[in-house]
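Engineer: I'm passing along work_35.cif; it holds mmCIF, C-alpha atoms.
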data_query
loop_
_atom_site.label_atom_id
_atom_site.label_comp_id
_atom_site.auth_asym_id
_atom_site.auth_seq_id
_atom_site.Cartn_x
_atom_site.Cartn_y
_atom_site.Cartn_z
CA MET Y 1 -30.66 -130.16 -8.75
CA VAL Y 2 -29.00 -126.95 -9.96
CA GLN Y 3 -32.24 -124.99 -9.49
CA LYS Y 4 -32.63 -126.38 -5.96
CA ALA Y 5 -29.09 -125.29 -5.06
CA GLN Y 6 -29.72 -121.82 -6.51
CA ASN Y 7 -32.94 -121.48 -4.49
CA LYS Y 8 -31.11 -122.47 -1.31
CA LEU Y 9 -28.39 -119.91 -1.99
CA ARG Y 10 -30.98 -117.22 -2.75
CA PHE Y 11 -32.80 -117.90 0.52
CA LYS Y 12 -29.57 -117.69 2.50
CA ARG Y 13 -28.60 -114.45 0.74
CA GLN Y 14 -31.98 -112.80 1.33
CA ARG Y 15 -32.05 -113.88 4.97
CA THR Y 16 -28.63 -112.26 5.44
CA LEU Y 17 -29.87 -109.09 3.73
CA ALA Y 18 -32.90 -109.00 6.04
CA ASP Y 19 -30.57 -109.15 9.06
CA TRP Y 20 -28.49 -106.30 7.67
CA LEU Y 21 -31.57 -104.18 6.97
CA ARG Y 22 -32.75 -104.67 10.54
CA THR Y 23 -29.50 -103.10 11.68
CA MET Y 24 -29.44 -100.30 9.12
CA GLY Y 25 -33.02 -99.17 9.68
CA PRO Y 26 -36.01 -98.82 7.33
CA GLU Y 27 -35.15 -95.21 6.51
CA THR Y 28 -31.90 -96.25 4.82
CA ASP Y 29 -32.33 -95.55 1.10
CA ASP Y 30 -31.30 -97.95 -1.65
CA PHE Y 31 -28.09 -96.09 -2.49
CA GLU Y 32 -26.90 -96.21 1.11
CA VAL Y 33 -27.85 -99.88 1.40
CA GLN Y 34 -25.70 -100.61 -1.66
CA LEU Y 35 -22.73 -98.83 -0.05
CA ARG Y 36 -23.11 -100.50 3.33
CA VAL Y 37 -23.52 -103.98 1.85
CA PHE Y 38 -20.44 -103.33 -0.29
CA GLN Y 39 -18.49 -102.55 2.90
CA LEU Y 40 -19.80 -105.72 4.53
CA THR Y 41 -18.94 -108.01 1.63
CA VAL Y 42 -15.90 -106.62 -0.18
CA GLY Y 43 -12.91 -108.87 0.32
CA ALA Y 44 -15.00 -111.65 1.87
CA SER Y 45 -14.35 -115.18 0.61
CA ASP Y 46 -18.07 -115.95 0.70
CA LYS Y 47 -19.45 -113.11 -1.41
CA THR Y 48 -23.11 -112.64 -0.50
CA TYR Y 49 -23.32 -109.94 -3.15
CA GLU Y 50 -20.85 -108.80 -5.79
CA PHE Y 51 -20.53 -105.31 -7.25
CA SER Y 52 -19.72 -103.54 -10.51
CA PRO Y 53 -18.75 -99.89 -11.22
CA THR Y 54 -21.91 -98.12 -12.44
CA TYR Y 55 -22.85 -94.43 -12.64
CA GLU Y 56 -23.92 -94.78 -8.98
CA GLY Y 57 -20.54 -96.14 -7.92
CA PRO Y 58 -20.30 -99.71 -6.57
CA HIS Y 59 -23.57 -101.41 -7.46
CA SER Y 60 -24.89 -104.95 -7.12
CA PHE Y 61 -27.56 -105.82 -9.67
CA GLN Y 62 -28.46 -108.90 -7.63
CA LEU Y 63 -28.96 -106.72 -4.55
CA GLU Y 64 -31.02 -104.23 -6.58
CA ASN Y 65 -33.25 -107.10 -7.67
CA GLU Y 66 -33.74 -108.59 -4.19
CA LEU Y 67 -33.90 -105.46 -2.04
CA PRO Y 68 -37.58 -104.62 -2.76
CA LEU Y 69 -38.59 -108.19 -1.95
CA VAL Y 70 -36.79 -108.18 1.38
CA ARG Y 71 -38.09 -104.70 2.25
CA ALA Y 72 -41.65 -105.84 1.50
CA TYR Y 73 -41.17 -108.90 3.69
CA LEU Y 74 -39.91 -106.83 6.63
CA GLU Y 75 -42.64 -104.22 6.25
CA GLY Y 76 -45.24 -106.99 6.36
CA LEU Y 77 -44.14 -108.27 9.74
CA THR Y 78 -46.54 -107.65 12.63
CA GLU Y 79 -45.75 -105.11 15.33
CA SER Y 80 -45.59 -107.92 17.88
CA GLN Y 81 -42.38 -108.96 16.20
CA VAL Y 82 -41.02 -105.46 16.97
CA PHE Y 83 -38.74 -105.44 13.95
CA ILE Y 84 -39.40 -101.83 13.03
CA GLU Y 85 -38.37 -100.64 16.48
CA SER Y 86 -35.38 -102.98 16.56
CA PHE Y 87 -34.20 -101.36 13.32
CA ARG Y 88 -33.82 -98.05 15.07
CA LYS Y 89 -32.43 -99.43 18.34
CA HIS Y 90 -29.70 -101.46 16.71
CA ARG Y 91 -28.57 -98.87 14.21
CA THR Y 92 -25.18 -97.64 15.29
CA ASN Y 93 -24.74 -93.91 15.67
CA THR Y 94 -21.10 -94.11 14.61
CA TRP Y 95 -21.85 -94.85 10.96
CA SER Y 96 -20.95 -92.08 8.60
CA GLU Y 97 -23.37 -90.44 6.22
CA ALA Y 98 -23.74 -92.10 2.82
CA SER Y 99 -21.68 -89.42 1.10
CA GLN Y 100 -18.77 -90.02 3.44
CA ILE Y 101 -19.05 -93.79 3.00
CA PHE Y 102 -18.99 -93.29 -0.74
CA LYS Y 103 -15.81 -91.20 -0.55
CA GLU Y 104 -14.12 -93.78 1.69
CA ILE Y 105 -15.04 -96.63 -0.65
CA ILE Y 106 -13.85 -94.85 -3.78
CA ASP Y 107 -10.60 -93.88 -2.08
CA LYS Y 108 -9.90 -97.49 -1.10
CA TRP Y 109 -11.39 -99.21 -4.17
CA PRO Y 110 -11.14 -96.64 -7.01
CA PHE Y 111 -12.18 -99.17 -9.64
CA TYR Y 112 -15.77 -98.76 -8.46
CA GLY Y 113 -15.69 -95.03 -9.16
CA ILE Y 114 -14.67 -95.14 -12.83
CA ASN Y 115 -18.22 -94.63 -14.13
CA SER Y 116 -19.73 -92.74 -11.22
CA VAL Y 117 -21.47 -89.41 -11.70
CA ARG Y 118 -21.54 -88.91 -7.93
CA LEU Y 119 -17.91 -87.89 -7.69
CA GLU Y 120 -17.79 -84.23 -6.68
CA ALA Y 121 -14.30 -83.79 -8.11
CA LYS Y 122 -11.69 -85.80 -9.97
CA THR Y 123 -9.59 -88.02 -7.73
CA PRO Y 124 -6.11 -89.21 -8.76
CA LYS Y 125 -6.80 -92.86 -7.94
CA VAL Y 126 -10.01 -93.02 -9.96
CA GLU Y 127 -8.44 -91.11 -12.85
CA GLN Y 128 -5.55 -93.58 -12.86
CA GLU Y 129 -7.99 -96.51 -13.01
CA LYS Y 130 -9.96 -94.85 -15.80
CA GLU Y 131 -6.84 -94.13 -17.84
CA ALA Y 132 -5.62 -97.73 -17.50
CA ILE Y 133 -8.97 -99.14 -18.64
CA GLU Y 134 -9.33 -96.59 -21.44
CA LYS Y 135 -5.86 -97.53 -22.66
CA LYS Y 136 -6.99 -101.15 -22.94
CA ARG Y 137 -10.25 -100.15 -24.64
CA ASN Y 138 -8.16 -98.32 -27.23
CA GLY Y 139 -5.83 -101.28 -27.64
CA SER Y 140 -5.51 -103.58 -30.62
CA PRO Y 141 -8.77 -104.82 -32.17
CA THR Y 142 -9.64 -108.11 -30.51
CA ILE Y 143 -12.36 -110.74 -30.61
CA PHE Y 144 -12.82 -112.05 -27.08
CA THR Y 145 -15.02 -114.96 -26.13
CA ILE Y 146 -16.65 -115.50 -22.75
CA GLY Y 147 -19.09 -117.92 -21.14
CA TYR Y 148 -21.14 -117.04 -18.09
CA GLU Y 149 -21.14 -120.58 -16.72
CA GLY Y 150 -20.02 -120.39 -13.08
CA ARG Y 151 -19.90 -116.58 -13.06
CA SER Y 152 -22.13 -114.00 -11.41
CA LEU Y 153 -23.34 -111.06 -13.47
CA GLU Y 154 -21.04 -108.66 -11.63
CA GLU Y 155 -17.99 -110.94 -11.97
CA PHE Y 156 -18.75 -111.30 -15.67
CA LEU Y 157 -19.05 -107.53 -16.23
CA ASN Y 158 -15.99 -106.67 -14.16
CA LEU Y 159 -13.84 -109.10 -16.13
CA LEU Y 160 -14.92 -107.50 -19.41
CA ILE Y 161 -14.25 -104.00 -18.08
CA ARG Y 162 -10.77 -104.89 -16.82
CA LYS Y 163 -9.90 -106.49 -20.17
CA GLY Y 164 -10.87 -103.35 -22.05
CA VAL Y 165 -13.86 -104.90 -23.81
CA VAL Y 166 -16.14 -102.33 -25.43
CA ALA Y 167 -19.15 -104.40 -26.50
CA ILE Y 168 -20.87 -107.74 -25.92
CA ALA Y 169 -22.10 -109.79 -28.89
CA ASP Y 170 -24.61 -112.29 -27.54
CA VAL Y 171 -24.53 -115.31 -29.86
CA ARG Y 172 -27.11 -117.44 -28.07
CA ALA Y 173 -30.09 -118.54 -30.14
CA VAL Y 174 -32.33 -117.47 -27.26
CA ALA Y 175 -31.04 -114.81 -24.88
CA TYR Y 176 -32.72 -116.29 -21.83
CA SER Y 177 -31.26 -117.88 -18.72
CA TYR Y 178 -32.52 -119.16 -15.39
CA LYS Y 179 -29.38 -117.61 -13.94
CA PHE Y 180 -29.93 -114.08 -12.68
CA GLY Y 181 -28.67 -111.34 -14.96
CA PHE Y 182 -28.20 -113.28 -18.18
CA SER Y 183 -31.57 -112.86 -19.84
CA LYS Y 184 -31.54 -110.25 -22.57
CA ALA Y 185 -33.33 -107.29 -20.95
CA ILE Y 186 -31.42 -107.21 -17.68
CA LEU Y 187 -28.11 -108.15 -19.33
CA LYS Y 188 -28.45 -105.28 -21.80
CA SER Y 189 -29.40 -102.71 -19.15
CA SER Y 190 -26.66 -103.90 -16.78
CA ALA Y 191 -24.04 -103.78 -19.53
CA GLU Y 192 -25.07 -100.25 -20.45
CA ALA Y 193 -24.88 -99.23 -16.76
CA VAL Y 194 -21.15 -100.05 -16.83
CA GLU Y 195 -20.54 -98.44 -20.25
CA LEU Y 196 -20.60 -101.65 -22.33
CA LYS Y 197 -22.55 -101.93 -25.57
CA TYR Y 198 -24.77 -104.96 -26.20
CA GLY Y 199 -25.95 -106.68 -29.37
CA HIS Y 200 -27.85 -109.94 -29.87
CA PHE Y 201 -27.29 -112.18 -32.89
CA PRO Y 202 -29.75 -115.07 -32.44
CA GLU Y 203 -29.35 -116.41 -35.98
CA LEU Y 204 -25.76 -117.37 -35.09
CA GLY Y 205 -26.74 -119.49 -32.10
CA ILE Y 206 -27.39 -123.19 -31.63
CA ASP Y 207 -30.76 -124.20 -30.21
CA SER Y 208 -30.43 -125.01 -26.49
CA GLN Y 209 -32.46 -128.20 -26.84
CA LEU Y 210 -30.08 -129.40 -29.53
CA ARG Y 211 -27.09 -128.63 -27.30
CA ALA Y 212 -28.73 -130.47 -24.42
CA LYS Y 213 -29.08 -133.59 -26.56
CA HIS Y 214 -25.37 -133.59 -27.40
CA GLN Y 215 -23.57 -133.90 -24.06
CA ASP Y 216 -21.13 -136.59 -25.09
CA PRO Y 217 -17.80 -134.95 -26.08
CA LYS Y 218 -17.67 -136.69 -29.47
CA GLU Y 219 -21.27 -135.73 -30.22
CA ARG Y 220 -20.55 -132.11 -29.32
CA ILE Y 221 -17.54 -132.05 -31.66
CA ARG Y 222 -19.75 -133.30 -34.48
CA MET Y 223 -22.41 -130.72 -33.60
CA PHE Y 224 -19.86 -127.90 -33.68
CA ASP Y 225 -18.38 -129.17 -36.95
CA LYS Y 226 -21.88 -129.15 -38.44
CA PHE Y 227 -22.35 -125.60 -37.20
CA ARG Y 228 -19.03 -124.52 -38.70
CA ASN Y 229 -20.03 -126.00 -42.05
CA SER Y 230 -23.36 -124.18 -41.88
CA LEU Y 231 -21.69 -120.75 -41.69
CA ALA Y 232 -21.53 -120.61 -45.49
CA ASN Y 233 -25.33 -120.29 -45.40
CA LYS Y 234 -25.27 -117.53 -42.78
CA ILE Y 235 -23.16 -114.94 -44.57
CA SER Y 236 -25.60 -112.04 -44.12
CA PHE Y 237 -25.81 -112.72 -40.37
CA LEU Y 238 -22.03 -113.05 -40.12
CA GLU Y 239 -21.63 -109.76 -41.95
CA ASN Y 240 -23.91 -108.06 -39.41
CA LEU Y 241 -21.73 -109.45 -36.62
CA ALA Y 242 -18.60 -108.30 -38.44
CA ILE Y 243 -20.02 -104.77 -38.76
CA PHE Y 244 -20.75 -104.76 -35.02
CA ALA Y 245 -17.23 -106.01 -34.25
CA SER Y 246 -15.59 -103.51 -36.61
CA SER Y 247 -17.56 -100.66 -35.09
CA HIS Y 248 -16.57 -101.47 -31.50
CA ARG Y 249 -13.15 -103.05 -32.16
CA ARG Y 250 -12.94 -104.97 -28.88
CA VAL Y 251 -15.92 -107.29 -28.71
CA ALA Y 252 -16.71 -110.30 -26.52
CA LEU Y 253 -18.73 -113.16 -28.02
CA LEU Y 254 -21.06 -114.38 -25.28
CA CYS Y 255 -22.57 -117.81 -24.77
CA PHE Y 256 -23.11 -120.13 -21.79
CA GLU Y 257 -20.25 -122.64 -21.74
CA ARG Y 258 -17.22 -121.59 -19.69
CA GLU Y 259 -14.68 -122.92 -22.21
CA ALA Y 260 -14.73 -121.68 -25.80
CA SER Y 261 -13.54 -125.10 -26.94
CA ASN Y 262 -16.85 -126.51 -25.68
CA CYS Y 263 -18.98 -123.91 -27.45
CA HIS Y 264 -19.93 -122.94 -31.00
CA ARG Y 265 -18.56 -119.43 -30.44
CA GLN Y 266 -15.07 -120.76 -31.20
CA HIS Y 267 -16.03 -120.96 -34.88
CA LEU Y 268 -17.54 -117.46 -34.88
CA ARG Y 269 -14.33 -116.21 -33.27
CA ASN Y 270 -12.23 -117.88 -35.96
CA TRP Y 271 -14.38 -116.55 -38.80
CA LEU Y 272 -14.25 -112.99 -37.44
CA SER Y 273 -10.53 -113.17 -36.78
CA GLN Y 274 -9.80 -114.33 -40.32
CA THR Y 275 -12.25 -111.90 -41.93
CA LEU Y 276 -11.27 -108.81 -39.93
CA ASN Y 277 -7.67 -109.72 -39.10
CA PHE Y 278 -8.39 -109.17 -35.38
CA SER Y 279 -6.53 -110.79 -32.50
CA THR Y 280 -8.42 -113.28 -30.31
CA SER Y 281 -8.63 -114.00 -26.60
CA ASP Y 282 -10.76 -116.52 -24.69
CA LEU Y 283 -11.72 -115.28 -21.22
#
Could you render the structure as structure tokens?
Structural biologist:
Amino acid sequence: MVQKAQNKLRFKRQRTLADWLRTMGPETDDFEVQLRVFQLTVGASDKTYEFSPTYEGPHSFQLENELPLVRAYLEGLTESQVFIESFRKHRTNTWSEASQIFKEIIDKWPFYGINSVRLEAKTPKVEQEKEAIEKKRNGSPTIFTIGYEGRSLEEFLNLLIRKGVVAIADVRAVAYSYKFGFSKAILKSSAEAVELKYGHFPELGIDSQLRAKHQDPKERIRMFDKFRNSLANKISFLENLAIFASSHRRVALLCFEREASNCHRQHLRNWLSQTLNFSTSDL
């Protein structure tokens, strides 16, 4: 049921993107598409795509993933469907060049310029955003916890950035997800694109099949209690996690469940907090 709903949403999103590309024109490069889609979606209640502040500026990893597929679909259409010509006819001549769009976006939403290498000069608004985030990153050592349940990749990353998190400690037994962006390779590369470190600690996870078998609240409590009691046999793995946390000071323990109280990461948080004398915060 969940997979069916995700497929329906993906189809709707890609169909919308195809309509936008028809208007923009086939010559519009990926960077400009990212900027124009940002303009079309920012502030909308129904977010077709969400964005994070990368070295390019505002960037949607979901859009990056789907853009080649939609381009290939449009390029494969027959000439009788006259899409290629309609691209050019419908493209408005009043649109600014990509560089001007970028400047306008960063001026209005400076958060998306904090990691950008495309800025030609320092801007007060972006510098103010960067200073505020850097101040949080240099704040008191903290063990955060976060679950990606119900969150897009970009929403997840933006929350960590705004909270001043420096690194992600993935404590899933298997860093794989059917949800876009949360399998290990793309999660690691996306995190690094927004200046977040990533580490995976599979030995400190609970097998997903075991979690799936324990859906009853009382059964889950017993499962988590068993996990907590097993930590005495995982000291070397816990020490590796502690070294990672000490090195980065503000680390978010990542798993699936939205609430830490419904996830084994609560016990890893408690162990780290007691061992390192760090503050804690569940996001």
Engineer: Which residue, Y:Leu254, Y:Leu17, Y:Ala185, Y:Ala173, has the smallest gap to Y:Arg36 when you use all atoms listed in the file?
Structural biologist: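 Smallest separation from Y:Arg36 among the options: Y:Leu17.
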Engineer: Could you state the separation of atom CA of Y:Ile101 and atom CA of Y:Glu127 in Å, given to one decimal place?
Structural biologist: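 Result for atom CA of Y:Ile101 versus atom CA of Y:Glu127: 19.3 Å, one decimal.
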Engineer: Using all atoms listed in the file, find the one residue out of Y:Gln100, Y:Ser45, Y:Asn138, Y:Gln128 that sits nearest to Y:His248.
Structural biologist: Y:Asn138
Engineer: Translate the PyMOL selection byres ((chain Y and resi 220-226) around 12), as applied to the file shown, into an explicit residue set as a PyMOL selection string.
Structural biologist: chain Y and resi 205-207+210-219+227-233+260-268
Engineer: Pick out the closest residue to Y:Lys184 from this set: Y:Ala44, Y:Val165, Y:Cys255, Y:Leu69. Count all atoms listed in the file.
Structural biologist: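 Looking at the shortest contact to Y:Lys184, the residue is Y:Cys255.
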Engineer: Kindly resolve the PyMOL selection byres ((chain Y and resi 239) around 12) on the present coordinates and return the residues as a compact mmCIF listing (two decimals) with C-alpha atoms, in the frame of the given file.
Structural biologist:
# COMPACT_ATOMS: atom_id res chain seq x y z
CA PHE Y 201 -27.29 -112.18 -32.89
CA GLU Y 203 -29.35 -116.41 -35.98
CA LEU Y 204 -25.76 -117.37 -35.09
CA LEU Y 231 -21.69 -120.75 -41.69
CA ALA Y 232 -21.53 -120.61 -45.49
CA ASN Y 233 -25.33 -120.29 -45.40
CA LYS Y 234 -25.27 -117.53 -42.78
CA ILE Y 235 -23.16 -114.94 -44.57
CA SER Y 236 -25.60 -112.04 -44.12
CA PHE Y 237 -25.81 -112.72 -40.37
CA LEU Y 238 -22.03 -113.05 -40.12
CA ASN Y 240 -23.91 -108.06 -39.41
CA LEU Y 241 -21.73 -109.45 -36.62
CA ALA Y 242 -18.60 -108.30 -38.44
CA ILE Y 243 -20.02 -104.77 -38.76
CA PHE Y 244 -20.75 -104.76 -35.02
CA ALA Y 245 -17.23 -106.01 -34.25
CA SER Y 246 -15.59 -103.51 -36.61
CA LEU Y 268 -17.54 -117.46 -34.88
CA TRP Y 271 -14.38 -116.55 -38.80
CA LEU Y 272 -14.25 -112.99 -37.44
CA THR Y 275 -12.25 -111.90 -41.93
CA LEU Y 276 -11.27 -108.81 -39.93
Engineer: Just checking: using only C-alpha atoms, which residue out of Y:Tyr49, Y:Tyr112, Y:Arg249, Y:Thr28 ends up closest to Y:Pro141?
Structural biologist: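 Of the candidates, the smallest distance to Y:Pro141 is held by Y:Arg249.
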Engineer: May I have the residues within 8 Å of Y:Glu195 as a ChimeraX atom specification, using all atoms listed in the file and disregarding those fewer than 5 positions away in the same chain?
Structural biologist: /Y:54,115,166
Engineer: Distance atom CA of Y:Ile106-atom CA of Y:Phe156, one decimal place?
Structural biologist: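 Atom CA of Y:Phe156 lies 20.9 Å from atom CA of Y:Ile106.
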Engineer: Show me, as a list in words, the residues that have an atom within 10 Å of Y:Phe144 when counting all atoms listed in the file, minus same-chain residues fewer than 5 positions from it.
Structural biologist: Leu160, Lys163, Val165, Ala167, Ile168, Ala169, Arg250, Val251, Ala252, Leu253, Leu254, Ala260, Arg265, Gln266, Arg269, Phe278, Ser279, Thr280, Ser281, Asp282 and Leu283 of chain Y
Engineer: Give me, please, the distance in Å between atom CA of Y:Ala132 and atom CA of Y:Phe51, quoted to one decimal.
Structural biologist: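 Result for atom CA of Y:Ala132 versus atom CA of Y:Phe51: 19.6 Å, one decimal.
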Engineer: Out of Y:Ser208, Y:Glu75, Y:Glu192, Y:Tyr55, which residue has the shortest atom-to-atom distance to Y:Ala18 when counting all atoms listed in the file?
Structural biologist: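 Nearest candidate to Y:Ala18 out of Y:Ser208, Y:Glu75, Y:Glu192, Y:Tyr55: Y:Glu75.
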Engineer: For the file shown, what are the residues hit by the PyMOL selection byres ((chain Y and resi 186) around 12), laid out as a PyMOL selection string?
Structural biologist: chain Y and resi 61-62+64-65+153+175-177+179-185+187-193+198
Engineer: May I ask which of the residues Y:Asn277, Y:Arg172, Y:Ser60, Y:Ser140 is the closest one to Y:Asn158, counting only C-alpha atoms?
Structural biologist: Y:Ser60
Engineer: Might you pull out every residue within 6 Å of Y:Phe256, with only C-alpha atoms counted and same-chain residues fewer than 6 positions away left off, and present them as a list in words?
Structural biologist: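 The residues satisfying every condition are Gly147, Tyr148 and Glu149 of chain Y.
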Engineer: Using only the atoms of stretch 238-254 of chain Y listed in the file, plus 8 Å on each side, state the axis-aligned box centre and edge lengths in Å rounded to one decimal, as AutoDock Vina command-line options.
Structural biologist:
--center_x -18.4 --center_y -107.5 --center_z -33.6 --size_x 27.0 --size_y 29.7 --size_z 32.7
Engineer: List as a list of chain:residue names the protein and nucleic acid residues near Y:Ser52, meaning an atom at most 8 Å away when all atoms listed in the file are counted, but skip any in the same chain fewer than 5 places from it.
Structural biologist: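 Close residues of Y:Ser52: Y:Gly57, Y:Pro58, Y:His59, Y:Ser60, Y:Tyr112, Y:Glu154, Y:Glu155, Y:Leu157, Y:Asn158, Y:Val194.
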